[in-house]
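Asker: Contents of entry_34.pdb (PDB, C-alpha atoms) are below:
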```pdb
ATOM      1  CA  MET Q  26     -99.036  81.680-278.998
ATOM      2  CA  SER Q  27     -96.800  82.769-276.153
ATOM      3  CA  VAL Q  28     -97.647  85.907-274.209
ATOM      4  CA  SER Q  29     -95.190  88.784-274.487
ATOM      5  CA  VAL Q  30     -94.708  91.270-271.663
ATOM      6  CA  LEU Q  31     -93.027  94.634-272.041
ATOM      7  CA  VAL Q  32     -91.014  95.921-269.048
ATOM      8  CA  VAL Q  33     -90.253  99.656-269.172
ATOM      9  CA  ASP Q  34     -87.878 101.108-266.557
ATOM     10  CA  ASP Q  35     -84.917 103.495-266.819
ATOM     11  CA  SER Q  36     -83.098 101.462-264.155
ATOM     12  CA  LYS Q  37     -81.386  98.355-265.480
ATOM     13  CA  LEU Q  38     -81.477  96.813-262.027
ATOM     14  CA  ALA Q  39     -85.207  97.382-261.747
ATOM     15  CA  ARG Q  40     -85.668  95.670-265.136
ATOM     16  CA  ILE Q  41     -83.634  92.695-263.949
ATOM     17  CA  ASN Q  42     -85.719  92.572-260.790
ATOM     18  CA  ALA Q  43     -88.969  92.697-262.763
ATOM     19  CA  GLY Q  44     -87.642  89.951-265.018
ATOM     20  CA  LYS Q  45     -86.985  87.752-262.020
ATOM     21  CA  ALA Q  46     -90.452  88.253-260.574
ATOM     22  CA  LEU Q  47     -92.017  87.549-263.986
ATOM     23  CA  ASN Q  48     -89.897  84.472-264.374
ATOM     24  CA  GLN Q  49     -91.159  83.102-261.062
ATOM     25  CA  LEU Q  50     -94.802  83.746-261.872
ATOM     26  CA  GLN Q  51     -95.066  83.275-265.629
ATOM     27  CA  PRO Q  52     -91.896  81.527-266.845
ATOM     28  CA  GLU Q  53     -93.493  80.837-270.236
ATOM     29  CA  TRP Q  54     -94.046  84.487-271.026
ATOM     30  CA  ARG Q  55     -91.621  86.233-273.321
ATOM     31  CA  ARG Q  56     -90.040  89.382-271.859
ATOM     32  CA  VAL Q  57     -89.135  92.491-273.827
ATOM     33  CA  GLU Q  58     -87.294  95.338-272.061
ATOM     34  CA  ALA Q  59     -87.173  99.070-272.722
ATOM     35  CA  GLY Q  60     -85.040 101.654-270.892
ATOM     36  CA  SER Q  61     -87.238 104.618-271.794
ATOM     37  CA  ALA Q  62     -90.697 105.536-273.050
ATOM     38  CA  ALA Q  63     -89.283 106.259-276.517
ATOM     39  CA  GLU Q  64     -87.711 102.825-276.697
ATOM     40  CA  ALA Q  65     -90.982 101.244-275.522
ATOM     41  CA  LEU Q  66     -92.908 102.980-278.323
ATOM     42  CA  GLU Q  67     -90.377 101.728-280.886
ATOM     43  CA  ILE Q  68     -90.863  98.172-279.642
ATOM     44  CA  VAL Q  69     -94.639  98.404-279.703
ATOM     45  CA  ALA Q  70     -94.562  99.756-283.263
ATOM     46  CA  ARG Q  71     -92.411  96.822-284.306
ATOM     47  CA  GLU Q  72     -93.863  93.840-282.494
ATOM     48  CA  HIS Q  73     -96.919  92.576-280.690
ATOM     49  CA  VAL Q  74     -97.032  93.150-276.931
ATOM     50  CA  ASP Q  75     -99.720  91.626-274.702
ATOM     51  CA  VAL Q  76     -98.971  93.073-271.262
ATOM     52  CA  ALA Q  77     -97.013  96.163-270.121
ATOM     53  CA  LEU Q  78     -95.270  96.885-266.798
ATOM     54  CA  ILE Q  79     -94.225 100.546-266.723
ATOM     55  CA  ASP Q  80     -92.107 102.497-264.229
ATOM     56  CA  PHE Q  81     -93.631 105.868-263.338
ATOM     57  CA  ASN Q  82     -90.701 108.191-262.636
ATOM     58  CA  MET Q  83     -88.636 108.336-265.843
ATOM     59  CA  GLU Q  84     -86.761 111.164-267.584
ATOM     60  CA  GLU Q  85     -88.350 112.845-270.602
ATOM     61  CA  LYS Q  86     -91.662 111.010-270.634
ATOM     62  CA  ASP Q  87     -93.167 109.558-267.460
ATOM     63  CA  GLY Q  88     -94.788 106.145-267.256
ATOM     64  CA  LEU Q  89     -98.374 107.398-267.101
ATOM     65  CA  THR Q  90     -97.976 109.437-270.277
ATOM     66  CA  LEU Q  91     -96.511 106.401-271.998
ATOM     67  CA  ALA Q  92     -99.341 104.216-270.662
ATOM     68  CA  ALA Q  93    -101.937 106.660-272.024
ATOM     69  CA  GLU Q  94    -100.273 106.512-275.453
ATOM     70  CA  LEU Q  95    -100.188 102.709-275.404
ATOM     71  CA  ARG Q  96    -103.800 102.618-274.306
ATOM     72  CA  GLU Q  97    -104.951 104.530-277.412
ATOM     73  CA  GLY Q  98    -103.955 101.737-279.755
ATOM     74  CA  ASN Q  99    -104.551  98.909-277.263
ATOM     75  CA  PRO Q 100    -107.901  99.325-275.525
ATOM     76  CA  THR Q 101    -107.779  95.995-273.659
ATOM     77  CA  MET Q 102    -104.049  95.539-272.983
ATOM     78  CA  PRO Q 103    -103.337  94.893-269.269
ATOM     79  CA  ILE Q 104    -101.061  97.756-268.182
ATOM     80  CA  ALA Q 105     -99.528  98.235-264.711
ATOM     81  CA  ILE Q 106     -97.773 101.341-263.430
ATOM     82  CA  VAL Q 107     -94.927 100.378-261.087
ATOM     83  CA  THR Q 108     -94.240 103.019-258.427
ATOM     84  CA  ALA Q 109     -93.836 103.796-254.745
ATOM     85  CA  ASN Q 110     -95.415 107.181-255.414
ATOM     86  CA  ILE Q 111     -99.067 106.506-254.709
ATOM     87  CA  GLN Q 112    -100.623 109.982-254.743
ATOM     88  CA  ASP Q 113    -104.318 110.576-255.397
ATOM     89  CA  GLU Q 114    -103.620 112.429-258.662
ATOM     90  CA  ILE Q 115    -101.458 109.602-259.950
ATOM     91  CA  ILE Q 116    -104.056 107.000-258.979
ATOM     92  CA  SER Q 117    -106.826 108.915-260.721
ATOM     93  CA  ARG Q 118    -104.739 109.390-263.893
ATOM     94  CA  ALA Q 119    -104.090 105.642-263.906
ATOM     95  CA  ARG Q 120    -107.798 104.915-263.437
ATOM     96  CA  GLU Q 121    -108.720 107.143-266.363
ATOM     97  CA  ILE Q 122    -106.652 105.012-268.679
ATOM     98  CA  ASN Q 123    -107.604 101.774-266.955
ATOM     99  CA  ALA Q 124    -104.116 100.929-265.685
ATOM    100  CA  SER Q 125    -103.322  99.016-262.475
ATOM    101  CA  PHE Q 126    -100.757  99.774-259.793
ATOM    102  CA  VAL Q 127     -97.917  97.589-258.594
ATOM    103  CA  ALA Q 128     -95.737  98.696-255.655
ATOM    104  CA  LYS Q 129     -92.020  99.365-255.997
ATOM    105  CA  PRO Q 130     -89.718  97.604-255.130
ATOM    106  CA  LEU Q 131     -91.291  94.982-257.321
ATOM    107  CA  THR Q 132     -91.699  91.506-255.798
ATOM    108  CA  ALA Q 133     -93.326  88.329-257.081
ATOM    109  CA  GLU Q 134     -95.989  88.664-254.333
ATOM    110  CA  GLY Q 135     -96.721  92.252-255.312
ATOM    111  CA  LEU Q 136     -96.962  91.397-258.994
ATOM    112  CA  GLN Q 137     -99.058  88.269-258.591
ATOM    113  CA  GLY Q 138    -102.493  89.919-258.473
ATOM    114  CA  PHE Q 139    -101.914  91.976-261.591
ATOM    115  CA  LEU Q 140    -100.431  89.081-263.556
ATOM    116  CA  SER Q 141    -103.237  86.640-262.687
ATOM    117  CA  GLY Q 142    -105.776  89.258-263.759
ATOM    118  CA  ALA Q 143    -103.835  89.899-266.951
ATOM    119  CA  ALA Q 144    -103.569  86.164-267.751
ATOM    120  CA  LEU Q 145    -107.318  85.791-267.231
ATOM    121  CA  ARG Q 146    -108.088  88.785-269.419
ATOM    122  CA  LEU Q 147    -105.845  87.475-272.205
ATOM    123  CA  ARG Q 148    -107.464  84.022-272.084
ATOM    124  CA  THR Q 149    -111.003  85.362-272.218
ATOM    125  CA  SER Q 150    -110.272  87.790-275.044
ATOM    126  CA  SER Q 151    -108.452  85.292-277.233
TER     127      SER Q 151
ATOM    128  CA  MET B  28     -68.411 106.200-263.765
ATOM    129  CA  ILE B  29     -67.831 108.400-260.726
ATOM    130  CA  VAL B  30     -64.271 108.686-259.459
ATOM    131  CA  VAL B  31     -63.449 110.664-256.356
ATOM    132  CA  SER B  32     -60.143 109.799-254.711
ATOM    133  CA  ALA B  33     -60.531 106.239-253.468
ATOM    134  CA  ILE B  34     -64.199 105.663-254.051
ATOM    135  CA  GLU B  35     -65.855 104.866-257.306
ATOM    136  CA  LEU B  36     -69.216 103.404-258.085
ATOM    137  CA  THR B  37     -69.758 101.101-261.030
ATOM    138  CA  GLU B  38     -72.593 101.826-263.422
ATOM    139  CA  LEU B  39     -74.776  99.184-261.784
ATOM    140  CA  GLU B  40     -73.998 100.442-258.248
ATOM    141  CA  GLN B  41     -74.926 103.934-259.367
ATOM    142  CA  ASP B  42     -78.134 102.541-260.920
ATOM    143  CA  ALA B  43     -78.938 100.648-257.693
ATOM    144  CA  LEU B  44     -78.359 103.719-255.521
ATOM    145  CA  THR B  45     -80.499 105.916-257.785
ATOM    146  CA  GLU B  46     -83.276 103.339-257.742
ATOM    147  CA  VAL B  47     -83.226 102.966-253.940
ATOM    148  CA  VAL B  48     -83.289 106.751-253.503
ATOM    149  CA  ASN B  49     -86.019 107.068-256.111
ATOM    150  CA  ILE B  50     -88.232 104.631-254.218
ATOM    151  CA  GLY B  51     -87.566 106.430-250.922
ATOM    152  CA  VAL B  52     -88.345 109.847-252.359
ATOM    153  CA  SER B  53     -91.440 108.552-254.175
ATOM    154  CA  ARG B  54     -92.798 107.258-250.870
ATOM    155  CA  ALA B  55     -91.960 110.566-249.261
ATOM    156  CA  ALA B  56     -93.821 112.393-252.022
ATOM    157  CA  ALA B  57     -96.911 110.326-251.329
ATOM    158  CA  SER B  58     -96.685 111.249-247.606
ATOM    159  CA  LEU B  59     -96.018 114.893-248.422
ATOM    160  CA  ARG B  60     -99.058 114.879-250.699
ATOM    161  CA  LYS B  61    -101.165 114.063-247.651
ATOM    162  CA  MET B  62     -99.565 116.879-245.659
ATOM    163  CA  VAL B  63     -99.897 119.657-248.235
ATOM    164  CA  GLY B  64    -103.101 118.579-249.932
ATOM    165  CA  HIS B  65    -101.679 119.171-253.401
ATOM    166  CA  GLN B  66     -99.867 116.939-255.804
ATOM    167  CA  VAL B  67     -96.113 116.768-255.239
ATOM    168  CA  LEU B  68     -94.082 116.516-258.429
ATOM    169  CA  LEU B  69     -90.682 114.860-258.451
ATOM    170  CA  SER B  70     -87.835 114.786-260.894
ATOM    171  CA  VAL B  71     -85.776 111.665-261.465
ATOM    172  CA  PRO B  72     -82.949 111.897-258.902
ATOM    173  CA  ALA B  73     -79.401 112.487-260.097
ATOM    174  CA  VAL B  74     -76.909 110.895-257.719
ATOM    175  CA  GLU B  75     -73.270 111.944-257.492
ATOM    176  CA  ILE B  76     -70.471 111.424-254.995
ATOM    177  CA  VAL B  77     -68.528 114.660-254.797
ATOM    178  CA  THR B  78     -66.102 116.414-252.483
ATOM    179  CA  ARG B  79     -67.459 118.887-249.988
ATOM    180  CA  GLN B  80     -66.153 121.822-252.067
ATOM    181  CA  LYS B  81     -67.818 120.459-255.188
ATOM    182  CA  ALA B  82     -71.113 120.064-253.331
ATOM    183  CA  VAL B  83     -70.927 123.702-252.232
ATOM    184  CA  ALA B  84     -70.161 124.722-255.834
ATOM    185  CA  LEU B  85     -73.004 122.597-257.261
ATOM    186  CA  LEU B  86     -75.455 124.144-254.881
ATOM    187  CA  GLY B  87     -74.009 127.621-255.487
ATOM    188  CA  GLU B  88     -74.553 127.290-259.244
ATOM    189  CA  ARG B  89     -78.226 126.690-258.696
ATOM    190  CA  GLU B  90     -78.960 128.810-255.647
ATOM    191  CA  SER B  91     -77.522 132.224-255.003
ATOM    192  CA  ASN B  92     -79.589 133.122-251.961
ATOM    193  CA  GLU B  93     -79.558 131.888-248.389
ATOM    194  CA  LEU B  94     -80.553 128.300-247.818
ATOM    195  CA  VAL B  95     -82.405 126.484-245.123
ATOM    196  CA  ALA B  96     -81.791 122.831-244.342
ATOM    197  CA  VAL B  97     -83.368 120.202-242.171
ATOM    198  CA  GLN B  98     -80.618 117.912-240.977
ATOM    199  CA  GLN B  99     -80.785 114.450-239.488
ATOM    200  CA  SER B 100     -77.839 112.324-238.417
ATOM    201  CA  PHE B 101     -77.912 108.616-239.063
ATOM    202  CA  SER B 102     -75.713 105.794-237.905
ATOM    203  CA  GLY B 103     -75.388 102.111-238.602
ATOM    204  CA  ALA B 104     -73.481 100.173-241.276
ATOM    205  CA  PHE B 105     -72.873 103.595-242.770
ATOM    206  CA  SER B 106     -73.133 106.860-240.856
ATOM    207  CA  GLY B 107     -73.353 110.520-241.646
ATOM    208  CA  ARG B 108     -75.889 113.270-241.909
ATOM    209  CA  ALA B 109     -78.699 113.751-244.358
ATOM    210  CA  MET B 110     -80.033 117.160-245.316
ATOM    211  CA  LEU B 111     -83.109 118.372-247.076
ATOM    212  CA  ILE B 112     -82.102 121.746-248.481
ATOM    213  CA  PHE B 113     -84.206 124.455-250.017
ATOM    214  CA  PRO B 114     -83.968 128.171-250.724
ATOM    215  CA  GLU B 115     -84.703 130.273-247.645
ATOM    216  CA  GLU B 116     -87.435 132.153-249.500
ATOM    217  CA  ASN B 117     -89.310 128.841-249.895
ATOM    218  CA  SER B 118     -89.380 128.289-246.187
ATOM    219  CA  LEU B 119     -92.583 130.198-245.405
ATOM    220  CA  THR B 120     -94.288 128.900-248.542
ATOM    221  CA  LEU B 121     -93.622 125.397-247.347
ATOM    222  CA  ALA B 122     -94.883 126.182-243.855
ATOM    223  CA  ARG B 123     -98.010 127.690-245.413
ATOM    224  CA  ALA B 124     -98.486 124.616-247.605
ATOM    225  CA  VAL B 125     -98.263 122.121-244.748
ATOM    226  CA  THR B 126    -100.539 124.147-242.471
ATOM    227  CA  GLY B 127    -103.204 124.441-245.154
ATOM    228  CA  ASP B 128    -103.156 128.252-245.547
ATOM    229  CA  GLU B 129    -105.246 128.667-242.428
ATOM    230  CA  LEU B 130    -102.864 130.484-240.110
ATOM    231  CA  PRO B 131    -102.403 134.249-239.858
ATOM    232  CA  ALA B 132     -98.903 135.555-240.657
ATOM    233  CA  ASP B 133     -97.672 135.869-237.046
ATOM    234  CA  GLU B 134     -98.723 132.348-236.119
ATOM    235  CA  LEU B 135     -97.260 131.079-239.340
ATOM    236  CA  LEU B 136     -93.870 132.480-238.362
ATOM    237  CA  GLU B 137     -94.115 130.727-235.030
ATOM    238  CA  ILE B 138     -94.901 127.413-236.605
ATOM    239  CA  GLU B 139     -92.454 127.758-239.505
ATOM    240  CA  GLN B 140     -89.635 125.923-237.745
ATOM    241  CA  GLU B 141     -91.899 123.082-236.750
ATOM    242  CA  ALA B 142     -93.344 122.773-240.245
ATOM    243  CA  LEU B 143     -89.847 122.582-241.721
ATOM    244  CA  THR B 144     -88.751 119.980-239.191
ATOM    245  CA  GLU B 145     -91.798 117.855-239.849
ATOM    246  CA  THR B 146     -91.456 118.012-243.634
ATOM    247  CA  GLY B 147     -87.756 117.236-243.443
ATOM    248  CA  ASN B 148     -88.457 114.386-241.106
ATOM    249  CA  VAL B 149     -90.956 112.794-243.494
ATOM    250  CA  ILE B 150     -88.709 113.096-246.544
ATOM    251  CA  LEU B 151     -85.404 112.179-244.922
ATOM    252  CA  ASN B 152     -86.842 109.304-242.895
ATOM    253  CA  SER B 153     -88.459 107.891-245.970
ATOM    254  CA  CYS B 154     -85.169 107.979-247.902
ATOM    255  CA  LEU B 155     -83.077 106.613-245.047
ATOM    256  CA  ALA B 156     -85.595 103.944-244.047
ATOM    257  CA  THR B 157     -85.908 102.770-247.660
ATOM    258  CA  MET B 158     -82.112 102.585-247.931
ATOM    259  CA  ALA B 159     -81.927 100.654-244.645
ATOM    260  CA  ASN B 160     -84.653  98.205-245.664
ATOM    261  CA  MET B 161     -83.466  97.588-249.191
ATOM    262  CA  LEU B 162     -79.821  97.253-248.180
ATOM    263  CA  LYS B 163     -80.885  95.160-245.183
ATOM    264  CA  ARG B 164     -78.970  97.111-242.534
ATOM    265  CA  PRO B 165     -80.715  99.067-239.794
ATOM    266  CA  LEU B 166     -79.998 102.788-239.461
ATOM    267  CA  THR B 167     -80.637 104.859-236.366
ATOM    268  CA  MET B 168     -81.822 108.392-237.048
ATOM    269  CA  SER B 169     -81.570 111.434-234.808
ATOM    270  CA  ILE B 170     -84.191 114.120-234.225
ATOM    271  CA  PRO B 171     -84.146 116.602-237.118
ATOM    272  CA  GLN B 172     -82.677 120.097-236.674
ATOM    273  CA  VAL B 173     -83.130 123.184-238.806
ATOM    274  CA  ARG B 174     -80.007 125.003-240.031
ATOM    275  CA  ARG B 175     -79.710 128.182-242.065
ATOM    276  CA  GLY B 176     -76.923 129.683-244.128
ATOM    277  CA  ALA B 177     -75.032 129.428-247.384
ATOM    278  CA  GLY B 178     -74.035 126.100-248.900
ATOM    279  CA  SER B 179     -70.554 126.390-247.416
ATOM    280  CA  THR B 180     -72.057 126.697-243.931
ATOM    281  CA  LEU B 181     -74.402 123.758-244.415
ATOM    282  CA  PHE B 182     -71.697 121.489-245.799
ATOM    283  CA  GLY B 183     -69.162 122.809-243.297
ATOM    284  CA  GLU B 184     -67.459 120.486-240.909
ATOM    285  CA  THR B 185     -69.284 119.677-237.724
ATOM    286  CA  GLY B 186     -66.492 117.699-236.150
ATOM    287  CA  ALA B 187     -63.397 115.649-236.772
ATOM    288  CA  ALA B 188     -65.521 112.623-237.681
ATOM    289  CA  ASP B 189     -66.322 113.843-241.169
ATOM    290  CA  SER B 190     -63.147 115.771-241.888
ATOM    291  CA  ASP B 191     -62.461 113.794-245.073
ATOM    292  CA  GLY B 192     -66.141 114.179-245.823
ATOM    293  CA  LEU B 193     -67.466 113.371-249.218
ATOM    294  CA  VAL B 194     -70.999 114.221-250.099
ATOM    295  CA  LEU B 195     -73.477 111.955-251.739
ATOM    296  CA  PHE B 196     -75.295 114.689-253.574
ATOM    297  CA  LEU B 197     -78.751 113.722-254.658
ATOM    298  CA  TYR B 198     -80.159 116.387-256.843
ATOM    299  CA  ILE B 199     -83.873 116.104-256.882
ATOM    300  CA  ASN B 200     -86.334 118.716-257.794
ATOM    301  CA  PHE B 201     -89.528 118.445-255.881
ATOM    302  CA  SER B 202     -92.251 120.905-256.481
ATOM    303  CA  VAL B 203     -95.710 121.211-255.070
ATOM    304  CA  HIS B 204     -98.550 121.784-257.503
ATOM    305  CA  GLN B 205     -99.522 125.465-257.538
ATOM    306  CA  ARG B 206     -96.696 126.377-255.149
ATOM    307  CA  ASP B 207     -93.238 127.511-255.956
ATOM    308  CA  LEU B 208     -91.143 125.067-253.975
ATOM    309  CA  ARG B 209     -88.010 123.185-254.837
ATOM    310  CA  GLY B 210     -85.495 121.228-252.826
ATOM    311  CA  TYR B 211     -82.402 119.074-252.763
ATOM    312  CA  ILE B 212     -81.300 116.140-250.691
ATOM    313  CA  ALA B 213     -77.679 115.644-249.695
ATOM    314  CA  MET B 214     -76.049 112.984-247.565
ATOM    315  CA  MET B 215     -72.640 113.588-246.068
ATOM    316  CA  MET B 216     -70.569 110.557-245.262
ATOM    317  CA  ASP B 217     -66.934 109.895-244.547
ATOM    318  CA  MET B 218     -64.834 107.506-246.600
ATOM    319  CA  PRO B 219     -65.334 104.373-244.434
ATOM    320  CA  SER B 220     -69.096 104.874-244.641
ATOM    321  CA  LEU B 221     -69.039 105.292-248.420
ATOM    322  CA  VAL B 222     -66.903 102.174-248.739
ATOM    323  CA  SER B 223     -69.411 100.330-246.590
ATOM    324  CA  LEU B 224     -72.318 101.693-248.648
ATOM    325  CA  LYS B 225     -70.596 100.560-251.833
ATOM    326  CA  GLY B 226     -70.224  97.072-250.346
ATOM    327  CA  LEU B 227     -73.911  96.947-249.426
ATOM    328  CA  LEU B 228     -74.909  98.110-252.908
ATOM    329  CA  GLY B 229     -72.792  95.230-254.241
ATOM    330  CA  GLU B 230     -74.663  92.759-252.021
ATOM    331  CA  PHE B 231     -77.975  94.237-253.073
ATOM    332  CA  ILE B 232     -77.073  93.906-256.772
ATOM    333  CA  GLU B 233     -75.847  90.353-256.216
ATOM    334  CA  GLN B 234     -79.233  89.480-254.733
ATOM    335  CA  VAL B 235     -81.124  90.961-257.645
ATOM    336  CA  VAL B 236     -78.856  89.721-260.408
ATOM    337  CA  GLY B 237     -77.601  86.520-258.764
ATOM    338  CA  GLY B 238     -80.909  84.695-258.605
ATOM    339  CA  GLN B 239     -81.670  85.373-262.245
ATOM    340  CA  GLN B 240     -82.977  82.419-264.285
TER     341      GLN B 240
END
```
Show this structure as structure tokens.
Answerer:
Amino acid sequence: MSVSVLVVDDSKLARINAGKALNQLQPEWRRVEAGSAAEALEIVAREHVDVALIDFNMEEKDGLTLAAELREGNPTMPIAIVTANIQDEIISRAREINASFVAKPLTAEGLQGFLSGAALRLRTSS
Amino acid sequence: MIVVSAIELTELEQDALTEVVNIGVSRAAASLRKMVGHQVLLSVPAVEIVTRQKAVALLGERESNELVAVQQSFSGAFSGRAMLIFPEENSLTLARAVTGDELPADELLEIEQEALTETGNVILNSCLATMANMLKRPLTMSIPQVRRGAGSTLFGETGAADSDGLVLFLYINFSVHQRDLRGYIAMMMDMPSLVSLKGLLGEFIEQVVGGQQ
């Protein structure tokens, strides 16, 4: 079954950019996009998602809060927080919920490590 | 869509500008975190191109007291001046935060100016450098200066060069955990610079969108 990856970012351009990087690295994966945390939760309630790439700084609900909510129902899902805001508190919150970090602006090089790890984790758990 | 006289940004240009600024400010927050030793919280930036009068009014709605600003001029493909603005009463709190609460009051006053300059430098440089890198055009930045006064003074004309000045008003709330601090970032540019910035945003979008699939 094909892998589906959820991209959550309030910037359309950032979602396009993430899509491009994903397409270079894992062209077979199916991409699903959400423009907010609320939209992401709707998608997850409706369909199966294997991997999540989540922007940190979003209106209403930030990416780490969303990641923590996703983590509750998905203990092994590979989740990455995408941000340029690498502060100790943010890193430790991400660690608590076992999420990775990917630097913004997102590039294929920057995403590669997380995606290879995610692909490996999905293969071994299936 | 924003429309101010001859300049308007499309939805995607606005999105691109917000995203570039967001990345710059996020990096700045991470640097500021190191300086103040407490978590720095950021809002999502709201970006608007407004006239000088509107910028004064926007700031006036939110802040009734005196303001202090760290200002840095920049020049390159687009030129102007960038300001980090906060309420005057936050000025000492900020100085105290970046000096780690160790200085007695009299020394704190002495170092206040320097603390403001340094903080402004970190935040403004991070925004401007991120814009320069992402839009692929170098910008030269001047040494930061501290200015004080009401919004009308800060946005006032400094010379003929920006007489038709429009302001790229980036409203961003930054606060430092356990401290009462908030601030705004504004960039003042003349029409040719905004036109040039719009063109560069178009190129940037083309690069992101163009290579799709």
Asker: Report the residues retrieved by the PyMOL selection byres ((chain Q and resi 128-138) around 10) from the displayed file, expressed as number ranges by chain.
Answerer: Q: 39-40, 42-51, 78, 80-81, 105-111, 125-127, 139-143; B: 46-47, 49-51, 53-54, 157, 161
Asker: Rank Q:Ile115, Q:Leu95, Q:Val30, Q:Ile41 by their smallest atom-to-atom distance to Arg55 of chain Q, using all atoms listed in the file, and report the top residue only.
Answerer: Q:Val30
Asker: Quick check on the file I pasted: which residues fall under the ChimeraX specification (/Q :<12) & /B? Write them as an NGL selection string.
Answerer: :B and (38-73 or 153-154 or 157-158 or 160-161 or 199 or 204 or 228-229 or 231-240)
Asker: Of the candidates Q:Ala77, Q:Val69, Q:Glu121, Q:Lys86, which one gets nearest to Gly98 of chain Q if we count only C-alpha atoms?
Answerer: Q:Val69
Asker: With distances taken over only C-alpha atoms, which residue among Q:Arg146, Q:Arg96, Q:Arg118, Q:His73 lies nearest Ser27 of chain Q?
Answerer: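 With only C-alpha atoms as the atom set, the closest residue is Q:His73.
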Asker: Identify, on the basis of all atoms listed in the file, every residue whose closest approach to Ser169 of chain B does not exceed 8 Å; exclude the query and any residue fewer than 4 positions from it along the same chain; express the result as a list in words.
Answerer: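 My list of contacting residues is Gln99, Ser100 and Phe101 of chain B.
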Asker: Between atom CA of Glu115 of chain B and atom CA of Ile170 of chain B, what is the distance in Å, rounded to a tenth?
Answerer: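 Separation between atom CA of Glu115 of chain B and atom CA of Ile170 of chain B: 21.0 Å.
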Asker: Rounded to one decimal in Å, what is the spacing between atom CA of Phe105 of chain B and atom CA of Met215 of chain B?
Answerer: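 One can read the atom CA of Phe105 of chain B to atom CA of Met215 of chain B distance as 10.5 Å.
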Asker: Atom CA of Gly60 of chain Q and atom CA of Leu195 of chain B, how far apart in Å?
Answerer: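 Result for atom CA of Leu195 of chain B versus atom CA of Gly60 of chain Q: 24.6 Å, one decimal.
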Asker: Can you pull out the residues contacting segment 120-128 of chain B? Cut-off 9 Å, using all atoms listed in the file, and skip same-chain residues under 4 positions away; I want them as an NGL selection string.
Answerer: :B and (59 or 62-65 or 116 or 135-136 or 138-143 or 146 or 203 or 206-208)
Asker: Enumerate, as number ranges by chain, the residues matched when the PyMOL selection byres ((chain B and resi 112) around 6) is run on the file above.
Answerer: B: 95-96, 110-111, 113, 210-211
Asker: Within 9 Å of (-69.1, 109.1, -253.1), all atoms listed in the file: residues as a PyMOL selection string?
Answerer: chain B and resi 29-31+34-36+75-78+193-196+216-218+221-222+225
Asker: Select, from B:Asn200, B:Pro219, B:Phe182, B:Gln205, the residue with the minimum atom-to-atom distance to Val83 of chain B, counting only C-alpha atoms.
Answerer: B:Phe182
Asker: Env of Val74 of chain Q: 9 Å cut, atoms = only C-alpha atoms, seq-sep filter 6 positions within chain, self excluded. Answer as an MDAnalysis selection string.
Answerer: chainID Q and resid 28:31 57 68 102
Asker: Using all atoms listed in the file for the distances, tell me which of Q:Arg71, Q:Ser117, Q:Arg56, Q:Ala63 is nearest to Leu91 of chain Q.
Answerer: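 When distances to Leu91 of chain Q are compared using all atoms listed in the file, the smallest one comes from Q:Ala63.
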Asker: Between Q:Glu58, Q:Glu94, Q:Ile104, Q:Asn99, single out the one closest to Arg120 of chain Q, counting all atoms listed in the file.
Answerer: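 Closest residue, counting all atoms listed in the file: Q:Ile104.
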